[in-house]
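Asks: File follows, input10.txt with compact mmCIF, C-alpha atoms:
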# COMPACT_ATOMS: atom_id res chain seq x y z
CA LEU A 1 0.00 0.00 0.00
CA ASN A 2 1.27 3.68 0.30
CA GLY A 3 3.14 3.15 3.66
CA GLN A 4 0.05 3.76 5.77
CA SER A 5 -0.83 1.40 8.61
CA PRO A 6 -2.82 1.13 11.84
CA PRO A 7 -1.30 3.10 14.75
CA GLY A 8 1.50 1.74 16.92
CA LYS A 9 0.97 0.81 20.55
CA PRO A 10 0.91 3.78 22.95
CA ASP A 11 2.75 3.52 26.28
CA ILE A 12 1.67 5.10 29.60
CA ILE A 13 4.78 6.85 30.92
CA LYS A 14 3.76 7.97 34.40
CA CYS A 15 1.03 9.32 36.66
CA ARG A 16 1.65 12.00 39.31
CA SER A 17 -0.26 13.98 41.92
CA PHE A 18 1.49 17.23 42.83
CA GLU A 19 -0.62 18.14 45.83
CA LYS A 20 -2.64 15.03 46.72
CA VAL A 21 -5.85 16.58 45.43
CA THR A 22 -5.71 16.04 41.66
CA PHE A 23 -3.50 13.87 39.44
CA SER A 24 -2.35 13.55 35.84
CA CYS A 25 -1.10 10.77 33.55
CA TRP A 26 1.08 11.03 30.47
CA TRP A 27 1.59 8.62 27.59
CA LYS A 28 3.95 8.26 24.69
CA PRO A 29 2.18 7.68 21.36
CA GLY A 30 3.33 4.85 19.13
CA SER A 31 3.75 5.43 15.37
CA ASP A 32 0.73 7.16 13.78
CA GLY A 33 0.88 4.92 10.66
CA GLY A 34 1.08 7.98 8.45
CA LEU A 35 -2.54 8.84 9.20
CA PRO A 36 -4.33 11.25 11.55
CA THR A 37 -4.54 9.33 14.83
CA ASN A 38 -6.87 9.93 17.79
CA TYR A 39 -6.00 8.98 21.38
CA SER A 40 -8.41 8.30 24.24
CA LEU A 41 -7.53 7.46 27.83
CA LEU A 42 -10.02 5.11 29.51
CA TYR A 43 -10.07 3.91 33.10
CA ARG A 44 -11.87 1.80 35.69
CA LYS A 45 -11.91 2.49 39.41
CA GLU A 46 -11.45 -0.23 42.06
CA ASN A 47 -14.77 -1.86 43.06
CA ASP A 48 -16.54 -0.15 40.10
CA PRO A 49 -17.08 -2.11 36.85
CA LYS A 50 -17.88 0.99 34.76
CA VAL A 51 -15.37 2.32 32.22
CA TYR A 52 -14.83 6.08 32.21
CA GLU A 53 -13.05 8.38 29.79
CA CYS A 54 -10.46 10.98 30.68
CA PRO A 55 -12.25 14.15 31.89
CA ASP A 56 -9.64 16.64 30.60
CA TYR A 57 -7.06 16.14 27.86
CA GLU A 58 -5.79 19.75 27.93
CA THR A 59 -4.67 20.95 31.37
CA SER A 60 -1.55 18.80 31.67
CA GLY A 61 -0.31 19.33 28.13
CA PRO A 62 -0.01 17.05 25.07
CA ASN A 63 -0.62 13.31 25.41
CA SER A 64 -1.95 13.68 28.93
CA CYS A 65 -5.04 13.34 31.06
CA TYR A 66 -5.82 15.56 34.03
CA PHE A 67 -8.10 14.25 36.79
CA ASP A 68 -9.48 17.23 38.70
CA LYS A 69 -10.50 16.86 42.35
CA ALA A 70 -14.01 15.77 41.40
CA HIS A 71 -12.50 12.80 39.55
CA THR A 72 -9.75 12.01 42.04
CA SER A 73 -10.04 9.59 44.95
CA PHE A 74 -7.26 8.28 47.17
CA TRP A 75 -6.71 4.83 48.62
CA ILE A 76 -8.11 3.14 45.56
CA PHE A 77 -6.70 1.68 42.33
CA TYR A 78 -7.26 3.34 38.95
CA HIS A 79 -6.83 0.83 36.09
CA ILE A 80 -5.84 3.00 33.13
CA TYR A 81 -5.19 2.34 29.41
CA VAL A 82 -4.82 4.43 26.24
CA ASN A 83 -6.46 3.65 22.93
CA ALA A 84 -4.98 4.88 19.59
CA THR A 85 -7.23 4.90 16.53
CA ASN A 86 -6.76 5.90 12.87
CA ALA A 87 -8.54 5.08 9.59
CA LEU A 88 -6.82 1.69 9.27
CA GLY A 89 -7.34 0.39 12.79
CA SER A 90 -6.51 0.85 16.47
CA ASN A 91 -4.04 -0.21 19.13
CA VAL A 92 -4.23 -0.19 22.93
CA SER A 93 -1.59 0.29 25.61
CA ASP A 94 -0.87 -2.09 28.45
CA GLU A 95 -3.17 -1.37 31.41
CA GLU A 96 -1.51 0.48 34.30
CA SER A 97 -2.85 -0.01 37.83
CA VAL A 98 -2.27 3.19 39.78
CA ASP A 99 -2.84 3.54 43.54
CA THR A 100 -3.18 7.31 43.75
CA THR A 101 -1.87 7.35 47.31
CA TYR A 102 1.60 6.39 46.10
CA ILE A 103 2.03 8.74 43.12
CA VAL A 104 2.25 11.99 45.09
CA GLN A 105 5.29 14.04 44.07
CA PRO A 106 5.17 17.59 45.42
CA TYR A 107 6.72 20.64 43.75
CA PRO A 108 10.00 21.80 45.32
CA PRO A 109 10.00 23.99 48.46
CA ILE A 110 9.91 27.74 47.77
CA ASN A 111 11.41 30.99 49.09
CA VAL A 112 14.72 29.43 50.14
CA SER A 113 16.62 32.13 52.09
CA LEU A 114 20.20 31.97 53.38
CA THR A 115 21.38 34.19 56.23
CA VAL A 116 24.95 34.31 57.55
CA GLU A 117 25.00 34.83 61.31
CA SER A 118 26.88 38.05 61.98
CA GLY A 119 30.43 37.64 63.20
CA ARG A 120 30.32 33.87 62.81
CA TYR A 121 30.71 31.31 60.02
CA ASP A 122 27.27 29.78 60.56
CA LEU A 123 24.47 29.79 58.02
CA LEU A 124 20.72 29.77 58.62
CA ALA A 125 18.74 28.26 55.73
CA LYS A 126 14.95 28.78 55.71
CA TRP A 127 12.23 27.79 53.21
CA LEU A 128 8.49 27.35 52.78
CA PRO A 129 6.43 24.34 51.66
CA PRO A 130 5.50 24.22 47.95
CA ALA A 131 2.67 26.59 47.11
CA MET A 132 -0.17 24.14 46.59
CA ALA A 133 0.74 21.70 49.36
CA ASP A 134 -1.82 21.82 52.17
CA VAL A 135 0.42 20.95 55.12
CA GLN A 136 -1.48 23.24 57.51
CA SER A 137 -4.57 21.05 57.73
CA GLY A 138 -2.47 17.88 58.02
CA TRP A 139 -3.78 16.45 54.76
CA LEU A 140 -0.25 16.42 53.39
CA THR A 141 2.79 15.87 55.62
CA LEU A 142 6.16 16.69 54.12
CA LYS A 143 9.70 15.97 55.25
CA TYR A 144 12.62 17.94 53.88
CA GLU A 145 16.22 17.39 52.84
CA VAL A 146 18.83 20.12 52.43
CA ARG A 147 22.03 19.78 50.45
CA LEU A 148 25.00 22.13 50.46
CA LYS A 149 28.39 22.29 48.83
CA GLU A 150 31.12 24.75 48.04
CA GLU A 151 30.59 25.95 44.48
CA LYS A 152 33.87 24.58 43.25
CA GLU A 153 33.34 21.17 44.84
CA GLN A 154 31.54 18.15 43.38
CA GLU A 155 30.35 16.38 46.52
CA TRP A 156 27.13 17.54 48.25
CA GLU A 157 26.60 17.36 51.98
CA ALA A 158 23.00 16.26 52.70
CA HIS A 159 20.92 16.92 55.83
CA SER A 160 17.56 15.31 56.59
CA VAL A 161 15.52 17.73 58.69
CA GLY A 162 12.13 16.02 59.17
CA ASN A 163 9.29 18.52 58.88
CA GLN A 164 11.33 21.54 60.01
CA LEU A 165 11.36 24.64 57.78
CA LYS A 166 14.87 25.78 58.69
CA LEU A 167 18.35 24.46 59.29
CA ARG A 168 21.41 26.00 60.89
CA LEU A 169 24.72 24.97 59.32
CA TYR A 170 27.87 25.42 61.36
CA GLY A 171 31.58 25.83 60.74
CA LEU A 172 31.56 26.91 57.11
CA ILE A 173 34.79 28.08 55.48
CA PRO A 174 35.40 31.82 55.77
CA GLY A 175 35.34 33.36 52.31
CA GLY A 176 33.77 30.19 50.88
CA ASN A 177 31.13 30.39 48.14
CA TYR A 178 28.33 27.94 48.88
CA VAL A 179 25.30 26.67 46.98
CA VAL A 180 22.22 25.28 48.76
CA GLN A 181 19.14 23.36 47.55
CA VAL A 182 16.11 21.92 49.35
CA ARG A 183 13.63 19.21 48.39
CA CYS A 184 10.61 17.56 50.05
CA LYS A 185 8.77 14.23 50.18
CA PRO A 186 5.28 13.22 51.38
CA ASP A 187 4.92 10.35 53.85
CA SER A 188 3.96 8.13 50.94
CA GLY A 189 5.20 9.13 47.50
CA HIS A 190 8.23 10.56 45.70
CA TRP A 191 10.85 13.20 46.40
CA SER A 192 10.23 16.53 44.71
CA GLU A 193 12.83 17.99 42.38
CA TRP A 194 15.49 20.11 44.11
CA SER A 195 14.69 23.79 44.56
CA PRO A 196 16.65 26.18 42.31
CA GLU A 197 20.22 26.75 43.51
CA SER A 198 20.64 29.45 46.17
CA TYR A 199 24.08 31.03 46.61
CA VAL A 200 25.83 32.63 49.58
CA GLN A 201 29.36 33.82 50.37
CA ILE A 202 30.70 33.41 53.90
CA PRO A 203 32.53 36.60 54.97
CA GLY A 204 36.14 36.64 56.18
CA GLY A 205 38.51 36.03 53.34
CA GLY A 206 41.23 34.23 55.34
CA LYS A 207 40.89 30.63 54.07
CA LYS A 208 41.62 27.84 56.52
CA THR A 209 44.45 25.60 55.31
CA ASP A 210 43.95 21.85 55.67
CA LEU B 211 2.91 4.65 86.58
CA PRO B 212 4.13 7.49 84.39
CA ILE B 213 7.00 9.40 85.88
CA CYS B 214 5.80 12.97 86.30
CA PRO B 215 8.02 15.93 85.49
CA ASP B 216 8.02 16.95 89.14
CA GLY B 217 8.68 13.36 90.29
CA GLY B 218 5.12 12.81 91.51
CA THR B 219 2.91 9.96 90.24
CA ASN B 220 -0.42 11.66 89.68
CA CYS B 221 0.21 13.69 86.53
CA GLN B 222 -1.70 13.25 83.29
CA MET B 223 -0.31 13.51 79.77
CA SER B 224 -1.89 16.31 77.77
CA THR B 225 -4.13 15.37 74.86
CA GLY B 226 -1.66 17.13 72.59
CA ALA B 227 1.17 14.88 73.84
CA LEU B 228 -1.05 11.81 73.41
CA PHE B 229 -1.74 12.87 69.83
CA ASP B 230 1.96 13.41 69.19
CA ARG B 231 2.69 9.87 70.32
CA ALA B 232 -0.23 8.45 68.33
CA VAL B 233 0.94 10.16 65.12
CA LYS B 234 4.53 9.00 65.63
CA LEU B 235 3.25 5.45 66.06
CA SER B 236 0.87 5.57 63.09
CA HIS B 237 3.65 6.97 60.89
CA TYR B 238 6.00 4.22 62.04
CA ILE B 239 3.39 1.49 61.46
CA HIS B 240 2.68 2.74 57.95
CA SER B 241 6.34 2.94 56.99
CA LEU B 242 6.89 -0.62 58.28
CA SER B 243 3.81 -1.80 56.37
CA SER B 244 5.09 -0.15 53.19
CA GLU B 245 8.53 -1.70 53.56
CA MET B 246 7.07 -5.13 54.24
CA PHE B 247 4.71 -4.88 51.26
CA ASN B 248 7.52 -3.79 48.92
CA GLU B 249 9.86 -6.49 50.23
CA PHE B 250 7.25 -9.22 49.77
CA ASP B 251 6.22 -7.81 46.38
CA GLU B 252 9.77 -7.85 45.04
CA ARG B 253 10.48 -11.31 46.33
CA PHE B 254 7.34 -13.31 45.79
CA THR B 255 5.16 -11.86 43.04
CA PRO B 256 6.43 -12.87 39.61
CA SER B 257 4.49 -10.22 37.72
CA ARG B 258 3.25 -7.32 39.76
CA ARG B 259 1.23 -5.91 36.82
CA PHE B 260 -1.02 -8.93 36.99
CA LEU B 261 -1.48 -8.89 40.72
CA ALA B 262 -2.28 -5.21 41.01
CA LYS B 263 -5.23 -5.69 38.68
CA SER B 264 -6.70 -8.61 40.57
CA VAL B 265 -6.24 -7.31 44.11
CA MET B 266 -9.35 -8.18 46.09
CA SER B 267 -11.13 -5.55 48.12
CA CYS B 268 -10.04 -5.09 51.71
CA HIS B 269 -12.10 -6.22 54.68
CA THR B 270 -12.44 -2.57 55.67
CA SER B 271 -13.73 -1.39 52.30
CA SER B 272 -17.31 -1.42 53.59
CA LEU B 273 -16.37 1.32 56.06
CA ASN B 274 -17.28 4.66 54.55
CA THR B 275 -13.89 6.37 54.98
CA PRO B 276 -13.10 9.75 53.37
CA GLU B 277 -11.33 9.30 50.01
CA ASP B 278 -10.23 12.84 49.26
CA LYS B 279 -9.23 16.04 50.97
CA GLU B 280 -12.66 17.64 50.83
CA GLN B 281 -14.40 14.65 52.39
CA ALA B 282 -11.69 14.39 55.04
CA GLN B 283 -12.01 18.05 55.97
CA GLN B 284 -15.80 18.13 56.00
CA ILE B 285 -16.32 15.10 58.23
CA GLN B 286 -16.97 15.78 61.94
CA HIS B 287 -13.96 14.96 64.09
CA GLU B 288 -16.03 12.58 66.23
CA ASP B 289 -16.97 10.63 63.09
CA LEU B 290 -13.37 10.58 61.85
CA LEU B 291 -12.15 9.39 65.27
CA ASN B 292 -14.87 6.75 65.19
CA LEU B 293 -13.67 5.54 61.77
CA VAL B 294 -10.04 5.43 62.90
CA MET B 295 -11.04 3.28 65.87
CA ARG B 296 -13.12 0.95 63.72
CA VAL B 297 -10.33 0.47 61.17
CA LEU B 298 -7.78 -0.09 63.96
CA ARG B 299 -9.97 -2.59 65.81
CA SER B 300 -10.86 -4.45 62.63
CA TRP B 301 -7.16 -5.34 62.26
CA ASN B 302 -6.82 -7.26 65.56
CA ASP B 303 -7.45 -10.74 64.11
CA PRO B 304 -5.89 -10.17 60.66
CA LEU B 305 -2.62 -9.08 62.27
CA LEU B 306 -2.52 -12.20 64.45
CA HIS B 307 -3.16 -14.29 61.32
CA MET B 308 -0.46 -12.35 59.43
CA VAL B 309 2.19 -13.11 62.08
CA ALA B 310 1.24 -16.81 62.08
CA GLU B 311 1.03 -17.04 58.29
CA VAL B 312 4.41 -15.42 57.58
CA GLN B 313 6.08 -18.14 59.63
CA ASP B 314 4.56 -20.75 57.28
CA ILE B 315 5.81 -19.08 54.12
CA ARG B 316 8.89 -20.90 52.88
CA GLU B 317 11.86 -18.57 52.17
CA ALA B 318 10.18 -15.61 53.89
CA PRO B 319 13.15 -13.55 55.08
CA ASP B 320 13.43 -12.83 58.81
CA THR B 321 13.04 -9.12 58.09
CA ILE B 322 9.44 -9.71 56.96
CA LEU B 323 8.69 -11.78 60.06
CA TRP B 324 10.27 -9.16 62.32
CA LYS B 325 8.17 -6.40 60.72
CA ALA B 326 4.98 -8.43 61.03
CA VAL B 327 5.56 -8.96 64.75
CA GLU B 328 6.54 -5.32 65.28
CA ILE B 329 3.45 -4.04 63.43
CA GLU B 330 1.16 -6.27 65.46
CA GLU B 331 2.66 -5.04 68.72
CA GLN B 332 2.76 -1.36 67.78
CA THR B 333 -0.82 -1.47 66.50
CA LYS B 334 -1.95 -2.72 69.89
CA ARG B 335 -0.09 0.18 71.52
CA LEU B 336 -1.65 2.63 69.09
CA LEU B 337 -5.10 1.27 69.87
CA GLU B 338 -4.47 1.71 73.60
CA GLY B 339 -3.33 5.28 73.07
CA MET B 340 -6.30 6.07 70.86
CA GLU B 341 -8.67 4.70 73.48
CA LYS B 342 -7.20 7.21 75.95
CA ILE B 343 -7.65 10.05 73.46
CA VAL B 344 -11.19 9.00 72.58
CA GLY B 345 -12.01 8.59 76.26
CA ARG B 346 -11.23 12.28 76.71
CA ILE B 347 -12.63 13.74 73.52
CA HIS B 348 -15.63 11.63 72.66
CA PRO B 349 -16.28 8.50 74.71
CA PHE B 350 -18.26 5.89 72.80
CA ASP B 351 -18.08 2.08 72.74
CA LEU B 352 -17.79 0.07 69.50
CA GLU B 353 -16.48 -3.22 70.77
CA ASN B 354 -18.77 -5.56 68.93
CA ASP B 355 -19.37 -4.80 65.37
CA VAL B 356 -15.92 -4.30 63.86
CA ASN B 357 -14.40 -7.68 64.64
CA SER B 358 -16.84 -9.28 62.22
CA LEU B 359 -15.50 -7.23 59.28
CA TRP B 360 -12.72 -9.77 58.71
CA SER B 361 -14.09 -13.15 57.72
CA GLY B 362 -10.80 -14.96 58.28
CA PRO B 363 -8.11 -15.99 55.78
CA PRO B 364 -9.87 -16.44 52.36
CA ALA B 365 -8.22 -19.24 50.41
CA ALA B 366 -5.22 -19.51 52.66
CA GLN B 367 -5.73 -22.64 54.65
CA SER B 368 -6.53 -25.42 52.21
CA ALA B 369 -5.32 -24.07 48.88
CA ASP B 370 -2.04 -24.39 46.96
CA GLU B 371 0.96 -22.26 47.74
CA ASN B 372 0.28 -19.72 45.00
CA SER B 373 -3.19 -18.95 46.37
CA ARG B 374 -1.79 -18.61 49.87
CA LEU B 375 0.92 -16.23 48.62
CA PHE B 376 -1.66 -14.16 46.76
CA ALA B 377 -3.96 -14.04 49.82
CA PHE B 378 -0.98 -12.87 51.90
CA TYR B 379 -0.05 -10.29 49.23
CA ASN B 380 -3.60 -8.96 49.39
CA LEU B 381 -3.46 -8.74 53.20
CA LEU B 382 -0.20 -6.75 53.04
CA HIS B 383 -1.66 -4.47 50.37
CA CYS B 384 -4.69 -3.77 52.58
CA LEU B 385 -2.48 -3.24 55.65
CA ARG B 386 -0.34 -0.70 53.78
CA ARG B 387 -3.45 1.10 52.57
CA ASP B 388 -5.30 1.12 55.90
CA SER B 389 -2.24 2.07 57.92
CA HIS B 390 -1.78 5.02 55.60
CA LYS B 391 -5.42 6.03 56.04
CA ILE B 392 -5.09 5.87 59.82
CA ASP B 393 -1.84 7.88 59.72
CA ASN B 394 -3.35 10.52 57.44
CA TYR B 395 -6.56 10.85 59.45
CA LEU B 396 -4.66 11.14 62.74
CA LYS B 397 -2.46 13.88 61.29
CA LEU B 398 -5.60 15.72 60.17
CA LEU B 399 -7.25 15.28 63.59
CA LYS B 400 -4.14 16.42 65.42
CA CYS B 401 -3.89 19.58 63.30
CA ARG B 402 -7.59 20.26 63.73
CA LEU B 403 -8.00 19.54 67.43
CA ILE B 404 -4.60 20.52 68.82
CA HIS B 405 -3.31 23.17 66.38
CA GLU B 406 -6.63 24.66 65.14
CA SER B 407 -5.85 23.51 61.58
CA ASN B 408 -2.68 25.48 61.51
CA CYS B 409 0.07 22.88 61.62
Let's see the structure in the file written out as structure tokens.

Replies:
Amino acid sequence: LNGQSPPGKPDIIKCRSFEKVTFSCWWKPGSDGGLPTNYSLLYRKENDPKVYECPDYETSGPNSCYFDKAHTSFWIFYHIYVNATNALGSNVSDEESVDTTYIVQPYPPINVSLTVESGRYDLLAKWLPPAMADVQSGWLTLKYEVRLKEEKEQEWEAHSVGNQLKLRLYGLIPGGNYVVQVRCKPDSGHWSEWSPESYVQIPGGGKKTD
Amino acid sequence: LPICPDGGTNCQMSTGALFDRAVKLSHYIHSLSSEMFNEFDERFTPSRRFLAKSVMSCHTSSLNTPEDKEQAQQIQHEDLLNLVMRVLRSWNDPLLHMVAEVQDIREAPDTILWKAVEIEEQTKRLLEGMEKIVGRIHPFDLENDVNSLWSGPPAAQSADENSRLFAFYNLLHCLRRDSHKIDNYLKLLKCRLIHESNC
């Protein structure tokens, strides 16, 4: 024929909830067989035989489905698959079983601030939870990790700080240029990305010799 | 008797301190349950994709527990406490069965057995602590109806090893899920009752 064929098999890449209220899933299309191809995401919910279609294909970008809070429940399985269809036929992805409780990946912490304690070589790092994370009501509980290194070094020094929103770092090198990042993790789910790098210089140019 | 700060013996722990302990315990129980589930999953289930689809519903699924943030925030705290107690109590027998069953599973690593025993013990302690909290905030008695939620090991006793492994997998899945519910609800209750929803 003229090189046209039914679509290739799509593949569900991942599902994530960024604030444990809504969630999204993304898929990678297979080949389109040289023809206009339409994709639909279908799902079943645990203990419910009905098949539903994705409520929103736009909000989370191309090849995605966004489940708003009205369509999102926790502590249940969503059994999800993607159907690709063109004029010559269709193809369906493997089914992914997603327990929404365990796909939470928050955004990074925000407003990271670094303050050098006057007259000393200690540093106070402070931050805030990610914007949309409701930690105040207790619905989402986050723990944090801070990492620090001298700019010219490769190795990071990591500090787990539980649910604190600040950390005091002692005995830094006078005159040293440091970079700090913070990330967070819910009690069940994935670490966020690291916050953007924050920089600070410790006063007192006299460098300690090893 | 608890040792009081001033050395006396007639002091009482604040409700806030009781909640702190309860949340620490519920967090610990859930993380152990998660580790045990993942360990068992990696070791014993040949193809997780298959098993996730055919997981049977949990013995607590008939309890009408909140499934999203809005439901969890709209429910009265007495009702949420009531649900936490019912879920906790409904796990008495299944946890005893779990500890016995893991000892019959060939090649089950000691770490899974240790976690099963630890979870069973810590859940009892959590239940005791919660009974103290409930006794102060909203005394009610539920002794009878929750123990019947669990109808005993499904296909475990007589069936082949694969069915027993799958029944055990399902029990661990439900334990991970319910321990997370309890942990989440207790964190909500603590923020609401002790910190006026400003944790």

Asks: Please, which residues of chain B lie no more than 8 Å from chain A when the count uses only C-alpha atoms, and can they be set out as a ChimeraX atom specification?

Replies: /B:237,259,262-263,267,277-279,387,391,394-395,397-402,407-409

Asks: Which value, in Å to one decimal, gives the distance between atom CA of Cys54 of chain A and atom CA of Val92 of chain A?

Replies: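 Separating atom CA of Cys54 of chain A from atom CA of Val92 of chain A is a distance of 15.0 Å.
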
Asks: Contacts of Asn91 of chain A at 7 Å or less, counting all atoms listed in the file, minus same-chain residues fewer than 5 places along, as a VMD selection string?

Replies: chain A and resid 7 to 9 83 to 85

Asks: Around segment 57-74 of chain A, fit a box with edges along x, y and z, padding it by 5 Å on each side, then list its centre and edge lengths in Å to one decimal as lines of an AutoDock Vina configuration file.

Replies:
center_x = -7.0
center_y = 14.6
center_z = 36.1
size_x = 24.0
size_y = 22.7
size_z = 32.1

Asks: To one decimal in Å, tell me the separation between atom CA of Leu306 of chain B and atom CA of Asn292 of chain B.

Replies: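 Between these atoms lies a distance of 22.6 Å.
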
Asks: One decimal, in Å: what's the spacing between atom CA of Ser361 of chain B and atom CA of His348 of chain B?

Replies: 29.0 Å

Asks: Can you pull out every residue within 7 Å of segment 154-170 of chain A, counting only C-alpha atoms, but drop anything in the same chain fewer than 3 positions away, and send it as a ChimeraX atom specification?

Replies: /A:121-128,142-149

Asks: Selected residues, C-alpha atoms, written as a PDB file, keeping the file's coordinate frame, please.

Replies:
ATOM      1  CA  TYR A 121      30.710  31.310  60.020  1.00  0.00           C
ATOM      2  CA  ASP A 122      27.270  29.780  60.560  1.00  0.00           C
ATOM      3  CA  LEU A 123      24.470  29.790  58.020  1.00  0.00           C
ATOM      4  CA  LEU A 124      20.720  29.770  58.620  1.00  0.00           C
ATOM      5  CA  ALA A 125      18.740  28.260  55.730  1.00  0.00           C
ATOM      6  CA  LYS A 126      14.950  28.780  55.710  1.00  0.00           C
ATOM      7  CA  TRP A 127      12.230  27.790  53.210  1.00  0.00           C
ATOM      8  CA  LEU A 128       8.490  27.350  52.780  1.00  0.00           C
ATOM      9  CA  LEU A 142       6.160  16.690  54.120  1.00  0.00           C
ATOM     10  CA  LYS A 143       9.700  15.970  55.250  1.00  0.00           C
ATOM     11  CA  TYR A 144      12.620  17.940  53.880  1.00  0.00           C
ATOM     12  CA  GLU A 145      16.220  17.390  52.840  1.00  0.00           C
ATOM     13  CA  VAL A 146      18.830  20.120  52.430  1.00  0.00           C
ATOM     14  CA  ARG A 147      22.030  19.780  50.450  1.00  0.00           C
ATOM     15  CA  LEU A 148      25.000  22.130  50.460  1.00  0.00           C
ATOM     16  CA  LYS A 149      28.390  22.290  48.830  1.00  0.00           C
TER      17      LYS A 149
END

Asks: Please list as a list in words every residue within 10 Å of Glu193 of chain A, counting only C-alpha atoms and excluding residues in the same chain fewer than 2 positions away.

Replies: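 The filter keeps Gln105, Pro106, Tyr107, Pro108, Pro109, Gln181, Val182, Arg183, Cys184, Lys185, His190, Trp191, Ser195 and Pro196 of chain A.
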
Asks: Give me a file of those residues, with C-alpha atoms, as a PDB file, in the frame of the given file.

Replies:
ATOM      1  CA  GLN A 105       5.290  14.040  44.070  1.00  0.00           C
ATOM      2  CA  PRO A 106       5.170  17.590  45.420  1.00  0.00           C
ATOM      3  CA  TYR A 107       6.720  20.640  43.750  1.00  0.00           C
ATOM      4  CA  PRO A 108      10.000  21.800  45.320  1.00  0.00           C
ATOM      5  CA  PRO A 109      10.000  23.990  48.460  1.00  0.00           C
ATOM      6  CA  GLN A 181      19.140  23.360  47.550  1.00  0.00           C
ATOM      7  CA  VAL A 182      16.110  21.920  49.350  1.00  0.00           C
ATOM      8  CA  ARG A 183      13.630  19.210  48.390  1.00  0.00           C
ATOM      9  CA  CYS A 184      10.610  17.560  50.050  1.00  0.00           C
ATOM     10  CA  LYS A 185       8.770  14.230  50.180  1.00  0.00           C
ATOM     11  CA  HIS A 190       8.230  10.560  45.700  1.00  0.00           C
ATOM     12  CA  TRP A 191      10.850  13.200  46.400  1.00  0.00           C
ATOM     13  CA  SER A 195      14.690  23.790  44.560  1.00  0.00           C
ATOM     14  CA  PRO A 196      16.650  26.180  42.310  1.00  0.00           C
TER      15      PRO A 196
END

Asks: For Val82 of chain A, list every protein, DNA or RNA residue within 12 Å, evaluated using only C-alpha atoms, and leave out those in the same chain fewer than 4 positions away; present the list as a PyMOL selection string.

Replies: chain A and resi 8-13+25-30+38-43+52-54+63-65+90-96

Asks: Can you tell me, as number ranges by chain, what residues are no more than 8 Å from segment 378-380 of chain B when counting all atoms listed in the file, ignoring any on the same chain fewer than 4 positions away?

Replies: B: 247, 250-251, 265-266, 268, 308, 311, 366, 374, 384

Asks: Please determine, counting only C-alpha atoms, which residue among A:Ile202, A:Leu88, A:Ser192, A:Pro129 has the shortest atom-to-atom distance to Asp32 of chain A.

Replies: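 Closest to Asp32 of chain A of all the choices is A:Leu88.
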
Asks: Restricting the calculation to only C-alpha atoms: of B:Val309, B:Leu291, B:Met246, B:Val233, which residue gets closest to Val327 of chain B?

Replies: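 Nearest to Val327 of chain B: B:Val309.
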
Asks: Select, from B:Leu375, B:Ala282, B:Ile343, B:Leu385, the residue with the minimum atom-to-atom distance to Ala227 of chain B, counting only C-alpha atoms.

Replies: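 The shortest atom-to-atom distance to Ala227 of chain B comes from B:Ile343.
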